[in-house]
>>> print(open('my_file.tsv').read())   # TSV, N, CA and C atoms
chain	number	residue	atom	x	y	z
H	1	MET	N	-20.41	-31.15	-31.72
H	1	MET	CA	-21.59	-30.90	-30.94
H	1	MET	C	-21.19	-30.48	-29.53
H	2	PRO	N	-21.74	-29.35	-29.02
H	2	PRO	CA	-21.36	-28.88	-27.68
H	2	PRO	C	-21.83	-29.83	-26.58
H	3	THR	N	-21.07	-29.87	-25.52
H	3	THR	CA	-21.42	-30.68	-24.36
H	3	THR	C	-22.52	-29.97	-23.58
H	4	PRO	N	-23.60	-30.67	-23.24
H	4	PRO	CA	-24.66	-30.02	-22.47
H	4	PRO	C	-24.20	-29.71	-21.04
H	5	LEU	N	-24.70	-28.63	-20.50
H	5	LEU	CA	-24.37	-28.27	-19.13
H	5	LEU	C	-25.17	-29.14	-18.17
H	6	ILE	N	-24.52	-29.69	-17.19
H	6	ILE	CA	-25.18	-30.50	-16.17
H	6	ILE	C	-25.50	-29.59	-14.99
H	7	ARG	N	-26.77	-29.51	-14.64
H	7	ARG	CA	-27.17	-28.68	-13.51
H	7	ARG	C	-28.02	-29.52	-12.57
H	8	ASN	N	-27.57	-29.61	-11.35
H	8	ASN	CA	-28.32	-30.35	-10.35
H	8	ASN	C	-29.32	-29.43	-9.68
H	9	PRO	N	-30.49	-29.95	-9.34
H	9	PRO	CA	-31.46	-29.11	-8.64
H	9	PRO	C	-30.94	-28.70	-7.27
H	10	VAL	N	-31.40	-27.56	-6.79
H	10	VAL	CA	-31.01	-27.05	-5.48
H	10	VAL	C	-32.04	-27.52	-4.46
H	11	ASN	N	-31.58	-28.20	-3.41
H	11	ASN	CA	-32.50	-28.67	-2.38
H	11	ASN	C	-32.66	-27.60	-1.30
H	12	PRO	N	-33.62	-27.75	-0.39
H	12	PRO	CA	-33.87	-26.71	0.62
H	12	PRO	C	-32.65	-26.37	1.49
H	13	GLU	N	-31.86	-27.37	1.85
H	13	GLU	CA	-30.67	-27.11	2.67
H	13	GLU	C	-29.65	-26.28	1.90
H	14	GLN	N	-29.49	-26.59	0.63
H	14	GLN	CA	-28.56	-25.83	-0.21
H	14	GLN	C	-29.06	-24.41	-0.43
H	15	LEU	N	-30.36	-24.26	-0.57
H	15	LEU	CA	-30.94	-22.93	-0.74
H	15	LEU	C	-30.68	-22.07	0.50
H	16	THR	N	-30.81	-22.68	1.66
H	16	THR	CA	-30.51	-21.98	2.91
H	16	THR	C	-29.04	-21.57	2.95
H	17	LEU	N	-28.16	-22.45	2.53
H	17	LEU	CA	-26.73	-22.15	2.48
H	17	LEU	C	-26.45	-20.99	1.52
H	18	LEU	N	-27.03	-21.05	0.34
H	18	LEU	CA	-26.85	-19.98	-0.63
H	18	LEU	C	-27.34	-18.65	-0.08
H	19	GLN	N	-28.50	-18.66	0.55
H	19	GLN	CA	-29.06	-17.42	1.10
H	19	GLN	C	-28.15	-16.84	2.17
H	20	GLU	N	-27.60	-17.72	3.02
H	20	GLU	CA	-26.69	-17.26	4.08
H	20	GLU	C	-25.43	-16.62	3.51
H	21	VAL	N	-24.81	-17.27	2.54
H	21	VAL	CA	-23.59	-16.73	1.92
H	21	VAL	C	-23.91	-15.42	1.20
H	22	PHE	N	-25.01	-15.39	0.47
H	22	PHE	CA	-25.42	-14.18	-0.25
H	22	PHE	C	-25.68	-13.03	0.72
H	23	ASP	N	-26.47	-13.28	1.75
H	23	ASP	CA	-26.81	-12.23	2.72
H	23	ASP	C	-25.56	-11.69	3.42
H	24	THR	N	-24.70	-12.59	3.85
H	24	THR	CA	-23.47	-12.17	4.54
H	24	THR	C	-22.58	-11.34	3.63
H	25	THR	N	-22.41	-11.79	2.41
H	25	THR	CA	-21.55	-11.08	1.46
H	25	THR	C	-22.12	-9.69	1.17
H	26	CYS	N	-23.41	-9.62	0.92
H	26	CYS	CA	-24.04	-8.32	0.64
H	26	CYS	C	-23.89	-7.38	1.83
H	27	SER	N	-24.11	-7.89	3.02
H	27	SER	CA	-24.01	-7.07	4.23
H	27	SER	C	-22.58	-6.58	4.45
H	28	GLU	N	-21.62	-7.48	4.38
H	28	GLU	CA	-20.22	-7.13	4.65
H	28	GLU	C	-19.65	-6.15	3.63
H	29	HIS	N	-20.17	-6.19	2.41
H	29	HIS	CA	-19.61	-5.35	1.34
H	29	HIS	C	-20.57	-4.26	0.88
H	30	GLU	N	-21.62	-4.05	1.67
H	30	GLU	CA	-22.61	-3.00	1.40
H	30	GLU	C	-23.14	-3.06	-0.03
H	31	ILE	N	-23.55	-4.25	-0.43
H	31	ILE	CA	-24.13	-4.47	-1.75
H	31	ILE	C	-25.65	-4.47	-1.59
H	32	GLU	N	-26.32	-3.61	-2.31
H	32	GLU	CA	-27.78	-3.59	-2.29
H	32	GLU	C	-28.30	-4.88	-2.92
H	33	LYS	N	-29.23	-5.55	-2.26
H	33	LYS	CA	-29.69	-6.85	-2.73
H	33	LYS	C	-30.45	-6.80	-4.05
H	34	ASP	N	-30.90	-5.63	-4.45
H	34	ASP	CA	-31.60	-5.53	-5.73
H	34	ASP	C	-30.72	-4.90	-6.82
H	35	SER	N	-29.42	-4.86	-6.58
H	35	SER	CA	-28.49	-4.27	-7.54
H	35	SER	C	-28.00	-5.29	-8.56
H	36	PRO	N	-27.45	-4.82	-9.67
H	36	PRO	CA	-26.86	-5.74	-10.66
H	36	PRO	C	-25.72	-6.57	-10.06
H	37	ASP	N	-24.93	-5.99	-9.16
H	37	ASP	CA	-23.85	-6.76	-8.53
H	37	ASP	C	-24.40	-7.92	-7.71
H	38	ALA	N	-25.49	-7.67	-6.98
H	38	ALA	CA	-26.10	-8.73	-6.18
H	38	ALA	C	-26.70	-9.81	-7.07
H	39	GLU	N	-27.31	-9.40	-8.16
H	39	GLU	CA	-27.88	-10.38	-9.09
H	39	GLU	C	-26.79	-11.27	-9.67
H	40	ALA	N	-25.68	-10.67	-10.07
H	40	ALA	CA	-24.56	-11.44	-10.62
H	40	ALA	C	-24.00	-12.39	-9.56
H	41	LEU	N	-23.85	-11.91	-8.34
H	41	LEU	CA	-23.36	-12.74	-7.25
H	41	LEU	C	-24.28	-13.95	-7.05
H	42	ALA	N	-25.58	-13.71	-6.99
H	42	ALA	CA	-26.53	-14.80	-6.78
H	42	ALA	C	-26.46	-15.83	-7.91
H	43	LEU	N	-26.42	-15.36	-9.13
H	43	LEU	CA	-26.36	-16.28	-10.27
H	43	LEU	C	-25.10	-17.14	-10.24
H	44	ILE	N	-23.98	-16.53	-9.93
H	44	ILE	CA	-22.72	-17.27	-9.90
H	44	ILE	C	-22.70	-18.26	-8.74
H	45	LEU	N	-23.23	-17.87	-7.59
H	45	LEU	CA	-23.28	-18.79	-6.45
H	45	LEU	C	-24.15	-20.00	-6.76
H	46	VAL	N	-25.33	-19.77	-7.32
H	46	VAL	CA	-26.22	-20.88	-7.66
H	46	VAL	C	-25.57	-21.79	-8.70
H	47	ASN	N	-25.01	-21.20	-9.72
H	47	ASN	CA	-24.35	-21.97	-10.78
H	47	ASN	C	-23.21	-22.81	-10.20
H	48	SER	N	-22.42	-22.22	-9.34
H	48	SER	CA	-21.29	-22.93	-8.74
H	48	SER	C	-21.77	-24.09	-7.87
H	49	LEU	N	-22.82	-23.86	-7.11
H	49	LEU	CA	-23.36	-24.92	-6.28
H	49	LEU	C	-23.88	-26.06	-7.16
H	50	GLN	N	-24.57	-25.74	-8.22
H	50	GLN	CA	-25.11	-26.76	-9.10
H	50	GLN	C	-24.02	-27.56	-9.80
H	51	LYS	N	-22.86	-26.97	-9.94
H	51	LYS	CA	-21.74	-27.67	-10.58
H	51	LYS	C	-20.85	-28.39	-9.57
H	52	GLY	N	-21.23	-28.37	-8.28
H	52	GLY	CA	-20.50	-29.17	-7.31
H	52	GLY	C	-19.85	-28.45	-6.16
H	53	SER	N	-19.82	-27.13	-6.15
H	53	SER	CA	-19.22	-26.40	-5.02
H	53	SER	C	-20.28	-26.26	-3.93
H	54	SER	N	-20.38	-27.27	-3.08
H	54	SER	CA	-21.47	-27.27	-2.10
H	54	SER	C	-21.01	-27.02	-0.67
H	55	GLU	N	-19.74	-26.72	-0.49
H	55	GLU	CA	-19.23	-26.43	0.85
H	55	GLU	C	-19.31	-24.93	1.11
H	56	LYS	N	-19.69	-24.58	2.32
H	56	LYS	CA	-19.86	-23.17	2.68
H	56	LYS	C	-18.58	-22.38	2.46
H	57	ASP	N	-17.45	-22.93	2.88
H	57	ASP	CA	-16.18	-22.20	2.73
H	57	ASP	C	-15.82	-21.97	1.26
H	58	GLN	N	-16.15	-22.92	0.39
H	58	GLN	CA	-15.90	-22.74	-1.05
H	58	GLN	C	-16.75	-21.59	-1.59
H	59	LEU	N	-18.02	-21.57	-1.22
H	59	LEU	CA	-18.92	-20.53	-1.70
H	59	LEU	C	-18.54	-19.16	-1.15
H	60	GLU	N	-18.13	-19.12	0.13
H	60	GLU	CA	-17.70	-17.85	0.72
H	60	GLU	C	-16.44	-17.33	0.03
H	61	ALA	N	-15.50	-18.21	-0.27
H	61	ALA	CA	-14.27	-17.80	-0.95
H	61	ALA	C	-14.59	-17.28	-2.36
H	62	LEU	N	-15.50	-17.96	-3.04
H	62	LEU	CA	-15.91	-17.52	-4.36
H	62	LEU	C	-16.57	-16.15	-4.28
H	63	ALA	N	-17.47	-15.97	-3.33
H	63	ALA	CA	-18.15	-14.68	-3.17
H	63	ALA	C	-17.16	-13.57	-2.88
H	64	GLU	N	-16.19	-13.85	-2.02
H	64	GLU	CA	-15.17	-12.85	-1.69
H	64	GLU	C	-14.35	-12.50	-2.92
H	65	ALA	N	-13.96	-13.48	-3.70
H	65	ALA	CA	-13.18	-13.23	-4.91
H	65	ALA	C	-13.98	-12.40	-5.91
H	66	LEU	N	-15.26	-12.69	-6.03
H	66	LEU	CA	-16.11	-11.93	-6.95
H	66	LEU	C	-16.22	-10.48	-6.51
H	67	VAL	N	-16.40	-10.26	-5.22
H	67	VAL	CA	-16.53	-8.89	-4.71
H	67	VAL	C	-15.24	-8.12	-4.90
H	68	GLN	N	-14.12	-8.78	-4.67
H	68	GLN	CA	-12.83	-8.10	-4.82
H	68	GLN	C	-12.53	-7.75	-6.28
H	69	SER	N	-13.11	-8.50	-7.21
H	69	SER	CA	-12.81	-8.27	-8.62
H	69	SER	C	-13.75	-7.26	-9.28
H	70	ARG	N	-14.73	-6.78	-8.55
H	70	ARG	CA	-15.70	-5.84	-9.18
H	70	ARG	C	-15.19	-4.44	-9.22
>>> encode(input="my_file.tsv", output="structure tokens")
Amino acid sequence: MPTPLIRNPVNPEQLTLLQEVFDTTCSEHEIEKDSPDAEALALILVNSLQKGSSEKDQLEALAEALVQSR
């Protein structure tokens, strides 16, 4: 039997953090916010935060790695 995924809800402070990292990454790398790349970035950031990566520097490093790998 597969292990269920544990996802914690995102609180308002975390949502603000996610938005800041997302906006900065999109701006610095000229990613259109309505593009498939931006959608993938947002989904991965939210998923990572829900799994415990709640520090800004962790999320920024993840975003940078994702952008570099595209």
>>> atom_distance(input="my_file.tsv", atom1="CA of Gln14 in chain H", atom2="CA of Gln68 in chain H")
24.1 Å
>>> atom_distance(input="my_file.tsv", atom1="CA of Ala63 in chain H", atom2="CA of Asp23 in chain H")
10.8 Å
>>> atom_distance(input="my_file.tsv", atom1="CA of Thr24 in chain H", atom2="CA of Glu60 in chain H")
9.0 Å
>>> closest_residue(input="my_file.tsv", among="H:Ile44, H:Ser35, H:Lys56, H:Lys51", to="Thr16 in chain H", atoms="only C-alpha atoms")
H:Lys56
>>> residues_around(input="my_file.tsv", residues="range 38-43 of chain H", least_positions_apart="5", cutoff="7 Å", atoms="only N, CA and C atoms", output="ChimeraX atom specification")
/H:22,31-33,48,63
>>> select_by_dssp(input="my_file.tsv", residues="chain H", states="helix (DSSP H, G or I)", output="ChimeraX atom specification")
/H:12-28,36-50,56-68
>>> residues_around(input="my_file.tsv", residues="Asn11 in chain H", least_positions_apart="5", cutoff="12 Å", atoms="only C-alpha atoms", output="PyMOL selection string")
chain H and resi 16-18+46+49-50+54
>>> axis_aligned_box(input="my_file.tsv", around="range 22-37 of chain H", padding_each_side="8 Å", output="JSON")
{"center_x": -25.6, "center_y": -9.2, "center_z": -3.0, "size_x": 28.0, "size_y": 28.4, "size_z": 31.3}
